[in-house]
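S.K.: I'm passing along final26.txt; it holds compact mmCIF, C-alpha atoms.
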# COMPACT_ATOMS: atom_id res chain seq x y z
CA MET T 1 12.20 -9.72 2.75
CA TYR T 2 10.47 -12.94 1.72
CA SER T 3 7.91 -12.59 -1.03
CA LYS T 4 5.64 -15.31 -2.39
CA PHE T 5 5.79 -13.58 -5.78
CA THR T 6 8.41 -14.24 -8.46
CA ASN T 7 10.00 -11.21 -10.09
CA SER T 8 7.75 -11.46 -13.13
CA ARG T 9 4.70 -10.96 -10.92
CA ARG T 10 6.02 -7.87 -9.19
CA VAL T 11 4.74 -4.59 -10.65
CA LEU T 12 6.40 -1.29 -9.85
CA VAL T 13 3.91 1.58 -9.37
CA ALA T 14 4.78 5.27 -9.00
CA ASP T 15 2.05 7.87 -8.52
CA ASP T 16 2.03 10.90 -6.22
CA ASP T 17 -1.76 10.93 -5.95
CA PRO T 18 -2.85 8.72 -3.00
CA VAL T 19 -6.29 8.06 -4.53
CA MET T 20 -4.94 6.85 -7.88
CA ARG T 21 -2.11 4.99 -6.17
CA GLN T 22 -4.54 3.02 -4.03
CA LEU T 23 -6.86 2.37 -6.94
CA VAL T 24 -4.06 1.03 -9.14
CA THR T 25 -2.58 -0.98 -6.25
CA ARG T 26 -5.85 -2.73 -5.50
CA LEU T 27 -6.56 -3.48 -9.16
CA ILE T 28 -3.09 -5.01 -9.54
CA GLU T 29 -3.62 -7.15 -6.43
CA LYS T 30 -6.98 -8.27 -7.75
CA GLU T 31 -5.20 -9.65 -10.82
CA GLY T 32 -2.87 -11.68 -8.60
CA TYR T 33 0.25 -9.53 -8.94
CA GLU T 34 2.34 -7.85 -6.25
CA PRO T 35 2.41 -4.04 -6.48
CA ILE T 36 5.62 -2.39 -5.28
CA VAL T 37 4.49 1.16 -4.61
CA CYS T 38 6.40 4.45 -4.71
CA ASP T 39 4.99 7.87 -3.78
CA ASP T 40 6.78 9.75 -6.56
CA GLY T 41 9.23 9.47 -9.43
CA ARG T 42 12.33 10.09 -7.34
CA GLU T 43 11.52 7.20 -5.01
CA ALA T 44 10.91 4.95 -8.01
CA LEU T 45 14.26 5.94 -9.50
CA HIS T 46 16.07 5.06 -6.26
CA LEU T 47 14.35 1.70 -6.21
CA LEU T 48 15.14 0.97 -9.88
CA LYS T 49 18.82 1.62 -9.22
CA LEU T 50 18.76 -1.18 -6.63
CA ASP T 51 16.19 -3.58 -7.95
CA ALA T 52 15.40 -4.76 -11.46
CA GLY T 53 13.10 -7.60 -10.45
CA PHE T 54 9.84 -6.38 -11.94
CA GLY T 55 7.53 -7.90 -14.49
CA GLY T 56 6.24 -4.45 -15.38
CA ALA T 57 6.12 -0.82 -14.33
CA ILE T 58 3.23 1.66 -14.18
CA PHE T 59 3.99 5.36 -13.86
CA ASP T 60 1.91 8.48 -13.58
CA MET T 61 2.99 11.01 -16.17
CA MET T 62 3.18 14.12 -14.01
CA MET T 63 4.85 13.66 -10.62
CA PRO T 64 6.93 15.96 -8.46
CA TYR T 65 10.74 15.69 -8.78
CA LEU T 66 10.71 13.24 -11.69
CA HIS T 67 8.05 12.62 -14.33
CA GLY T 68 7.00 9.19 -15.56
CA LEU T 69 8.52 9.84 -18.94
CA GLU T 70 11.93 10.52 -17.42
CA LEU T 71 11.72 7.24 -15.50
CA ILE T 72 10.99 5.33 -18.69
CA ARG T 73 13.89 7.05 -20.49
CA PHE T 74 16.17 6.01 -17.63
CA MET T 75 14.93 2.43 -17.81
CA ARG T 76 15.57 2.24 -21.53
CA THR T 77 19.18 3.33 -21.12
CA GLU T 78 19.95 0.73 -18.42
CA ARG T 79 20.71 -2.74 -19.70
CA ARG T 80 19.18 -4.54 -16.69
CA LEU T 81 15.93 -2.50 -16.88
CA ARG T 82 15.44 -2.35 -20.63
CA ARG T 83 13.24 -5.40 -20.92
CA ILE T 84 10.73 -4.27 -18.27
CA PRO T 85 7.55 -3.13 -20.02
CA ALA T 86 6.26 0.21 -18.77
CA MET T 87 2.80 1.74 -18.91
CA MET T 88 2.23 5.46 -18.69
CA ILE T 89 -0.94 6.77 -17.03
CA THR T 90 -2.08 10.31 -17.69
CA SER T 91 -5.16 12.49 -17.68
CA GLU T 92 -3.91 14.27 -20.82
CA GLN T 93 -5.72 13.30 -24.02
CA ASP T 94 -2.83 14.55 -26.06
CA LEU T 95 -1.65 12.74 -29.19
CA LYS T 96 1.75 14.43 -29.10
CA LEU T 97 2.27 13.23 -25.54
CA MET T 98 1.30 9.72 -26.56
CA VAL T 99 3.77 9.73 -29.45
CA ASN T 100 6.43 11.15 -27.16
CA SER T 101 5.79 8.39 -24.61
CA TYR T 102 6.10 5.63 -27.17
CA SER T 103 9.22 7.12 -28.69
CA SER T 104 10.73 7.33 -25.18
CA GLY T 105 10.15 3.62 -24.70
CA ALA T 106 6.69 3.31 -23.13
CA THR T 107 4.98 0.02 -23.89
CA LEU T 108 1.43 1.24 -23.23
CA PHE T 109 -0.30 4.56 -22.71
CA LEU T 110 -3.46 4.65 -20.56
CA THR T 111 -5.57 7.78 -20.21
CA LYS T 112 -7.71 8.71 -17.23
CA PRO T 113 -10.53 8.18 -16.61
CA PHE T 114 -10.33 4.42 -16.98
CA SER T 115 -12.69 1.68 -15.85
CA PRO T 116 -11.47 -1.32 -13.81
CA GLU T 117 -11.97 -3.52 -16.89
CA HIS T 118 -9.96 -1.15 -19.06
CA PHE T 119 -7.12 -1.09 -16.54
CA GLN T 120 -7.10 -4.86 -16.11
CA LEU T 121 -7.01 -5.41 -19.86
CA ASN T 122 -4.06 -3.04 -20.17
CA LEU T 123 -2.29 -4.68 -17.24
CA ARG T 124 -2.61 -8.09 -18.89
CA LEU T 125 -1.33 -6.66 -22.16
CA LEU T 126 1.58 -5.01 -20.38
CA LEU T 127 2.67 -8.13 -18.57
CA SER T 128 2.30 -10.37 -21.57
CA ASN T 129 4.56 -7.98 -23.43
CA GLU T 130 7.59 -8.43 -21.22
CA THR T 131 9.99 -9.57 -23.88
CA ARG T 132 8.92 -6.97 -26.39
CA ALA T 133 9.84 -3.75 -24.59
CA VAL T 134 11.98 -1.89 -27.09
CA PRO T 135 15.18 -0.32 -25.86
CA LEU T 136 16.18 3.09 -27.16
CA LYS T 137 18.97 2.97 -29.67
CA ALA T 138 22.28 4.30 -28.43
CA ALA T 139 22.95 7.84 -29.66
CA MET N 1 -9.20 23.91 -25.55
CA SER N 2 -11.81 23.41 -22.89
CA VAL N 3 -15.48 23.33 -23.80
CA ILE N 4 -16.47 24.59 -20.37
CA SER N 5 -17.61 28.15 -19.92
CA SER N 6 -18.51 28.33 -16.26
CA PRO N 7 -18.19 26.21 -13.12
CA ASN N 8 -21.96 26.51 -12.77
CA ASP N 9 -22.35 24.23 -15.79
CA PHE N 10 -21.38 21.28 -13.62
CA VAL N 11 -23.62 21.39 -10.57
CA GLN N 12 -25.22 18.03 -11.46
CA THR N 13 -22.21 16.20 -12.83
CA ILE N 14 -21.48 13.53 -10.27
CA ASP N 15 -21.73 10.01 -11.66
CA LEU N 16 -21.80 7.59 -8.74
CA GLU N 17 -22.00 4.61 -11.09
CA VAL N 18 -18.34 5.17 -12.01
CA LEU N 19 -17.31 4.96 -8.36
CA ARG N 20 -19.52 1.91 -7.82
CA SER N 21 -17.85 0.16 -10.76
CA PHE N 22 -14.67 -0.12 -8.68
CA ASP N 23 -16.50 -1.95 -5.93
CA ASP N 24 -17.25 -5.62 -5.52
CA PRO N 25 -20.73 -5.62 -3.95
CA ASP N 26 -20.16 -9.16 -2.67
CA SER N 27 -17.12 -8.18 -0.62
CA PRO N 28 -17.64 -7.22 3.03
CA ALA N 29 -17.84 -3.48 3.74
CA GLU N 30 -14.50 -3.49 5.57
CA GLU N 31 -12.81 -4.69 2.37
CA SER N 32 -14.72 -2.38 0.06
CA LEU N 33 -12.48 -0.57 -2.41
CA MET N 34 -15.22 2.00 -2.92
CA ILE N 35 -15.26 2.96 0.76
CA GLU N 36 -11.48 3.12 0.75
CA LEU N 37 -11.51 5.40 -2.31
CA ILE N 38 -14.21 7.65 -0.82
CA ASP N 39 -12.23 8.09 2.41
CA LEU N 40 -8.98 8.74 0.56
CA TYR N 41 -10.60 11.08 -1.95
CA LEU N 42 -12.34 13.23 0.67
CA ALA N 43 -9.18 13.55 2.77
CA GLU N 44 -6.91 14.20 -0.22
CA THR N 45 -9.25 16.67 -1.91
CA SER N 46 -9.63 18.66 1.27
CA ARG N 47 -5.83 18.86 1.44
CA LEU N 48 -5.52 19.76 -2.25
CA LEU N 49 -8.14 22.51 -2.03
CA GLN N 50 -6.29 24.10 0.83
CA ALA N 51 -3.02 23.90 -1.12
CA ILE N 52 -4.63 25.44 -4.23
CA ARG N 53 -6.20 28.23 -2.18
CA GLU N 54 -2.85 29.05 -0.59
CA ALA N 55 -1.07 28.92 -3.95
CA ILE N 56 -3.60 31.33 -5.49
CA ASP N 57 -3.18 33.70 -2.54
CA GLU N 58 0.58 33.59 -3.10
CA SER N 59 0.24 33.87 -6.92
CA ASN N 60 2.23 30.63 -7.18
CA TRP N 61 0.82 29.55 -10.55
CA ASP N 62 3.09 26.52 -11.01
CA GLN N 63 1.76 25.11 -7.77
CA VAL N 64 -1.83 25.94 -8.74
CA LYS N 65 -1.29 24.04 -11.99
CA LEU N 66 0.30 21.01 -10.33
CA LYS N 67 -2.35 20.65 -7.61
CA SER N 68 -5.24 21.29 -10.00
CA HIS N 69 -3.81 18.60 -12.25
CA SER N 70 -3.82 16.09 -9.38
CA LEU N 71 -7.37 17.00 -8.44
CA ARG N 72 -8.53 16.69 -12.03
CA GLY N 73 -7.07 13.20 -12.52
CA SER N 74 -8.45 11.53 -9.41
CA SER N 75 -11.83 13.29 -9.67
CA ALA N 76 -12.37 12.34 -13.30
CA ASN N 77 -11.44 8.74 -12.61
CA LEU N 78 -14.06 8.47 -9.87
CA GLY N 79 -16.83 10.02 -12.01
CA LEU N 80 -16.71 13.40 -10.25
CA ASN N 81 -16.85 15.26 -13.51
CA GLY N 82 -17.90 18.67 -12.27
CA ILE N 83 -14.96 19.22 -9.97
CA ALA N 84 -12.67 17.67 -12.60
CA ALA N 85 -13.87 20.19 -15.18
CA ILE N 86 -13.32 23.17 -12.88
CA SER N 87 -9.86 21.82 -12.00
CA ASP N 88 -9.16 21.59 -15.73
CA LEU N 89 -10.02 25.27 -16.15
CA LEU N 90 -7.75 26.20 -13.28
CA GLU N 91 -4.91 24.00 -14.51
CA HIS N 92 -5.11 25.40 -18.05
CA PHE N 93 -6.06 28.88 -16.97
CA GLU N 94 -6.68 31.41 -19.71
CA GLU N 95 -7.37 35.09 -19.39
CA GLY N 96 -10.84 36.12 -20.49
CA GLY N 97 -12.73 33.30 -18.75
CA PRO N 98 -13.71 32.93 -15.11
CA GLY N 99 -11.04 34.28 -12.74
CA ARG N 100 -8.98 32.06 -10.49
CA PHE N 101 -10.84 33.15 -7.34
CA GLU N 102 -14.14 32.41 -9.04
CA LEU N 103 -12.91 28.97 -10.07
CA MET N 104 -11.65 28.33 -6.54
CA ALA N 105 -15.08 29.21 -5.18
CA GLY N 106 -16.59 26.80 -7.73
CA LEU N 107 -14.26 24.02 -6.55
CA GLU N 108 -15.17 24.58 -2.92
CA GLN N 109 -18.88 24.72 -3.65
CA GLU N 110 -18.72 21.52 -5.67
CA PHE N 111 -16.69 19.79 -2.97
CA VAL N 112 -19.40 20.50 -0.39
CA ARG N 113 -21.88 18.67 -2.62
CA ILE N 114 -19.45 15.83 -3.30
CA ASN N 115 -18.66 15.45 0.38
CA GLN N 116 -22.34 15.07 1.20
CA LEU N 117 -23.09 12.65 -1.65
CA LEU N 118 -20.04 10.47 -1.07
CA THR N 119 -20.70 10.32 2.67
CA GLU N 120 -24.26 9.17 1.95
CA GLU N 121 -22.93 6.63 -0.57
CA ARG N 122 -20.47 5.37 2.01
CA GLU N 123 -23.29 4.88 4.55
CA ARG N 124 -25.36 2.99 2.00
CA ARG N 125 -22.44 0.68 1.27
CA LEU N 126 -21.83 0.08 4.96
CA LYS N 127 -25.48 -0.87 5.41
CA CYS N 128 -25.37 -2.93 2.18
CA GLU N 129 -28.36 -1.00 0.80
CA TYR N 130 -27.92 -2.04 -2.81
Would you mind writing the file's structure down as structure tokens?

M.R.:
Amino acid sequence: MYSKFTNSRRVLVADDDPVMRQLVTRLIEKEGYEPIVCDDGREALHLLKLDAGFGGAIFDMMMPYLHGLELIRFMRTERRLRRIPAMMITSEQDLKLMVNSYSSGATLFLTKPFSPEHFQLNLRLLLSNETRAVPLKAA
Amino acid sequence: MSVISSPNDFVQTIDLEVLRSFDDPDSPAEESLMIELIDLYLAETSRLLQAIREAIDESNWDQVKLKSHSLRGSSANLGLNGIAAISDLLEHFEEGGPGRFELMAGLEQEFVRINQLLTEERERRLKCEY
């Protein structure tokens, strides 16, 4: 399918909540990026196995079938996905979870509730960070 | 640990300014993100409440936790703090506080208020009464 967006302007989004999904989608569009939207973690995983053309990824932490953290761990073990920066969104204000996310390879950690300005700032940070996503070391 | 002791603590905790912050008042009503979010939220919350009620009836606590978590996240992000707080209690349920049926009743009661306020807000946006 033809897209006017280059890969670096495509942003993968996975969230099972339709309200948050729509909110995030519209805020991404407002910034001039193309959201590629999945309804849950499993759908995002299928897509990532076929397509690595994303400038960034935004995942909800808790989703049915596959959590955001598991998606990020998968991305960090795949050579073609390693460099894609990923932001975790969660309603948990939990320091341990934040540390766990970063150690799993998350680039940013955004807690709900967030304002549109807060989201947009984080989106810009995420997408300017493309080359700095840190792959997990091989065991 | 939650600081909330009862669902009744939250009868006035709806902050419409948070919802309005997602809107561009200069955009036409048919493109309004706020209206879109109101419509989605009311439909989704109605569905979630039914799912939570059924899960409580079936003592399916994992499902209660999962659905309450969803409700908490979207509600808090739209400034609907009362229903978010009750969802939080249900998601992280602890013996000794309000019972699950009591919390469910609190959710339903709060949703009636939210439904009315958001519907009024939607009408105001459609008529551009800002």

S.K.: Please report the interatomic distance between CA of Gly41 (chain T) and CA of Met62 (chain T) in Å with one decimal.

M.R.: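 We find that CA of Gly41 (chain T) and CA of Met62 (chain T) lie 8.9 Å from each other.
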
S.K.: Please report, as CSV, each residue of region 1-117 of chain T lying at most 12 Å from region 80-99 of chain N, together with the nearest pair of atoms and the separation in Å rounded to one decimal; use only C-alpha atoms, and order rows by chain and ascending residue number.

M.R.:
residue,atom,partner,partner_atom,distance
T:Ser91,CA,N:Asp88,CA,10.1
T:Glu92,CA,N:Asp88,CA,10.3
T:Lys112,CA,N:Ala84,CA,11.2
T:Pro113,CA,N:Asn81,CA,10.0

S.K.: Which is closer to Tyr65 (chain T) than all the others in T:Glu34, T:Asp15, T:Asp51, T:Glu78, using all atoms listed in the file?

M.R.: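 Checking each of T:Glu34, T:Asp15, T:Asp51, T:Glu78 against Tyr65 (chain T), counting all atoms listed in the file, the winner is T:Asp15.
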
S.K.: Write out as a list of chain:residue names the residues lying within 6 Å of Gly68 (chain T), counting only C-alpha atoms and excluding same-chain residues fewer than 6 positions away.

M.R.: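 Residues near the query, excluding close chain neighbours: T:Phe59, T:Asp60, T:Met61.
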
S.K.: Go ahead and dump the residues you just picked, C-alpha atoms, as a compact mmCIF listing (two decimals), keeping the file's coordinate frame.

M.R.:
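Produced file again.txt, reproduced below:
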# COMPACT_ATOMS: atom_id res chain seq x y z
CA PHE T 59 3.99 5.36 -13.86
CA ASP T 60 1.91 8.48 -13.58
CA MET T 61 2.99 11.01 -16.17

S.K.: For a test of reading the model, state the distance in Å between CA of Ile38 (chain N) and CA of Ile89 (chain T), rounded to one decimal.

M.R.: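 Answer for the CA of Ile38 (chain N) to CA of Ile89 (chain T) separation: 21.0 Å.
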
S.K.: Could you list the residues in chain N lying within 9 Å of chain T, using only C-alpha atoms, and format the result as a PyMOL selection string?

M.R.: chain N and resi 18+21-22+33+36-38+40-41+44+66+69-79

S.K.: Generate a file of the selected residues that holds C-alpha atoms, formatted as a short mmCIF file (atom, residue, chain, number, x, y, z; two decimals), keeping the file's coordinate frame.

M.R.:
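For reference, selection-v5.cif as written:
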data_model
loop_
_atom_site.label_atom_id
_atom_site.label_comp_id
_atom_site.auth_asym_id
_atom_site.auth_seq_id
_atom_site.Cartn_x
_atom_site.Cartn_y
_atom_site.Cartn_z
CA VAL N 18 -18.34 5.17 -12.01
CA SER N 21 -17.85 0.16 -10.76
CA PHE N 22 -14.67 -0.12 -8.68
CA LEU N 33 -12.48 -0.57 -2.41
CA GLU N 36 -11.48 3.12 0.75
CA LEU N 37 -11.51 5.40 -2.31
CA ILE N 38 -14.21 7.65 -0.82
CA LEU N 40 -8.98 8.74 0.56
CA TYR N 41 -10.60 11.08 -1.95
CA GLU N 44 -6.91 14.20 -0.22
CA LEU N 66 0.30 21.01 -10.33
CA HIS N 69 -3.81 18.60 -12.25
CA SER N 70 -3.82 16.09 -9.38
CA LEU N 71 -7.37 17.00 -8.44
CA ARG N 72 -8.53 16.69 -12.03
CA GLY N 73 -7.07 13.20 -12.52
CA SER N 74 -8.45 11.53 -9.41
CA SER N 75 -11.83 13.29 -9.67
CA ALA N 76 -12.37 12.34 -13.30
CA ASN N 77 -11.44 8.74 -12.61
CA LEU N 78 -14.06 8.47 -9.87
CA GLY N 79 -16.83 10.02 -12.01
#

S.K.: List the neighbours of Met88 (chain T) out to 12 Å using all atoms listed in the file; skip same-chain residues closer than 5 positions along the sequence, and give me the result as a short mmCIF file (atom, residue, chain, number, x, y, z; two decimals) with C-alpha atoms, in the coordinates of the input.

M.R.:
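Below is the file part_31.cif, written as the result:
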data_model
loop_
_atom_site.label_atom_id
_atom_site.label_comp_id
_atom_site.auth_asym_id
_atom_site.auth_seq_id
_atom_site.Cartn_x
_atom_site.Cartn_y
_atom_site.Cartn_z
CA LEU T 12 6.40 -1.29 -9.85
CA VAL T 13 3.91 1.58 -9.37
CA ALA T 14 4.78 5.27 -9.00
CA ASP T 15 2.05 7.87 -8.52
CA GLY T 56 6.24 -4.45 -15.38
CA ALA T 57 6.12 -0.82 -14.33
CA ILE T 58 3.23 1.66 -14.18
CA PHE T 59 3.99 5.36 -13.86
CA ASP T 60 1.91 8.48 -13.58
CA MET T 61 2.99 11.01 -16.17
CA MET T 62 3.18 14.12 -14.01
CA MET T 63 4.85 13.66 -10.62
CA HIS T 67 8.05 12.62 -14.33
CA GLY T 68 7.00 9.19 -15.56
CA LEU T 69 8.52 9.84 -18.94
CA GLU T 70 11.93 10.52 -17.42
CA LEU T 71 11.72 7.24 -15.50
CA ILE T 72 10.99 5.33 -18.69
CA ARG T 73 13.89 7.05 -20.49
CA LEU T 97 2.27 13.23 -25.54
CA MET T 98 1.30 9.72 -26.56
CA VAL T 99 3.77 9.73 -29.45
CA ASN T 100 6.43 11.15 -27.16
CA SER T 101 5.79 8.39 -24.61
CA TYR T 102 6.10 5.63 -27.17
CA SER T 104 10.73 7.33 -25.18
CA GLY T 105 10.15 3.62 -24.70
CA ALA T 106 6.69 3.31 -23.13
CA THR T 107 4.98 0.02 -23.89
CA LEU T 108 1.43 1.24 -23.23
CA PHE T 109 -0.30 4.56 -22.71
CA LEU T 110 -3.46 4.65 -20.56
CA THR T 111 -5.57 7.78 -20.21
CA LYS T 112 -7.71 8.71 -17.23
CA PHE T 119 -7.12 -1.09 -16.54
CA ASN T 122 -4.06 -3.04 -20.17
CA LEU T 123 -2.29 -4.68 -17.24
CA LEU T 126 1.58 -5.01 -20.38
#

S.K.: When you draw a straight line from CA of Thr25 (chain T) to CA of Cys38 (chain T), how long is it in Å?

M.R.: 10.6 Å

S.K.: If I wrap all listed atoms of region 89-105 of chain N in a box with edges along x, y and z and add 3 Å on each side, what are its centre and edge lengths in Å to one decimal, as lines of an AutoDock Vina configuration file?

M.R.:
center_x = -10.0
center_y = 30.1
center_z = -12.8
size_x = 16.2
size_y = 18.1
size_z = 21.3

S.K.: Identify, on the basis of only C-alpha atoms, every residue whose closest approach to Ile52 (chain N) does not exceed 8 Å; exclude the query and any residue fewer than 5 positions from it along the same chain; express the result as a list in words.

M.R.: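 That gives Gln63, Val64, Lys67, Ser68 and Met104 of chain N.
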
S.K.: If we count all atoms listed in the file and set the cut-off at 8 Å, which residues sit around Leu81 (chain T), ignoring sequence neighbours fewer than 6 positions away in its own chain? Please answer as a ChimeraX atom specification.

M.R.: /T:48,52,75

S.K.: Would you export the selected residues with C-alpha atoms as a PDB file, in the frame of the given file, please?

M.R.:
ATOM      1  CA  LEU T  48      15.140   0.970  -9.880  1.00  0.00           C
ATOM      2  CA  ALA T  52      15.400  -4.760 -11.460  1.00  0.00           C
ATOM      3  CA  MET T  75      14.930   2.430 -17.810  1.00  0.00           C
TER       4      MET T  75
END

S.K.: Could you model N, CA and C atoms for region 24-39 of chain T and present them as a short mmCIF file (atom, residue, chain, number, x, y, z; two decimals), in the frame of the given file?

M.R.:
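Written output follows (selection39.cif):
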data_model
loop_
_atom_site.label_atom_id
_atom_site.label_comp_id
_atom_site.auth_asym_id
_atom_site.auth_seq_id
_atom_site.Cartn_x
_atom_site.Cartn_y
_atom_site.Cartn_z
N VAL T 24 -4.92 1.87 -8.29
CA VAL T 24 -4.06 1.03 -9.14
C VAL T 24 -3.53 -0.17 -8.34
N THR T 25 -3.11 0.09 -7.10
CA THR T 25 -2.58 -0.98 -6.25
C THR T 25 -3.60 -2.10 -6.08
N ARG T 26 -4.82 -1.70 -5.75
CA ARG T 26 -5.85 -2.73 -5.50
C ARG T 26 -6.23 -3.50 -6.77
N LEU T 27 -6.23 -2.79 -7.90
CA LEU T 27 -6.56 -3.48 -9.16
C LEU T 27 -5.46 -4.46 -9.55
N ILE T 28 -4.22 -4.10 -9.25
CA ILE T 28 -3.09 -5.01 -9.54
C ILE T 28 -3.19 -6.25 -8.64
N GLU T 29 -3.48 -6.03 -7.37
CA GLU T 29 -3.62 -7.15 -6.43
C GLU T 29 -4.74 -8.09 -6.87
N LYS T 30 -5.82 -7.48 -7.33
CA LYS T 30 -6.98 -8.27 -7.75
C LYS T 30 -6.63 -9.21 -8.90
N GLU T 31 -5.64 -8.82 -9.70
CA GLU T 31 -5.20 -9.65 -10.82
C GLU T 31 -4.15 -10.68 -10.39
N GLY T 32 -3.80 -10.68 -9.10
CA GLY T 32 -2.87 -11.68 -8.60
C GLY T 32 -1.41 -11.29 -8.68
N TYR T 33 -1.13 -10.01 -8.88
CA TYR T 33 0.25 -9.53 -8.94
C TYR T 33 0.60 -8.78 -7.65
N GLU T 34 1.89 -8.56 -7.46
CA GLU T 34 2.34 -7.85 -6.25
C GLU T 34 2.76 -6.42 -6.62
N PRO T 35 1.99 -5.42 -6.19
CA PRO T 35 2.41 -4.04 -6.48
C PRO T 35 3.52 -3.60 -5.53
N ILE T 36 4.56 -2.99 -6.09
CA ILE T 36 5.62 -2.39 -5.28
C ILE T 36 5.44 -0.88 -5.48
N VAL T 37 5.05 -0.18 -4.42
CA VAL T 37 4.49 1.16 -4.61
C VAL T 37 5.45 2.27 -4.16
N CYS T 38 5.59 3.27 -5.02
CA CYS T 38 6.40 4.45 -4.71
C CYS T 38 5.51 5.70 -4.76
N ASP T 39 5.83 6.66 -3.88
CA ASP T 39 4.99 7.87 -3.78
C ASP T 39 5.32 8.93 -4.83
#
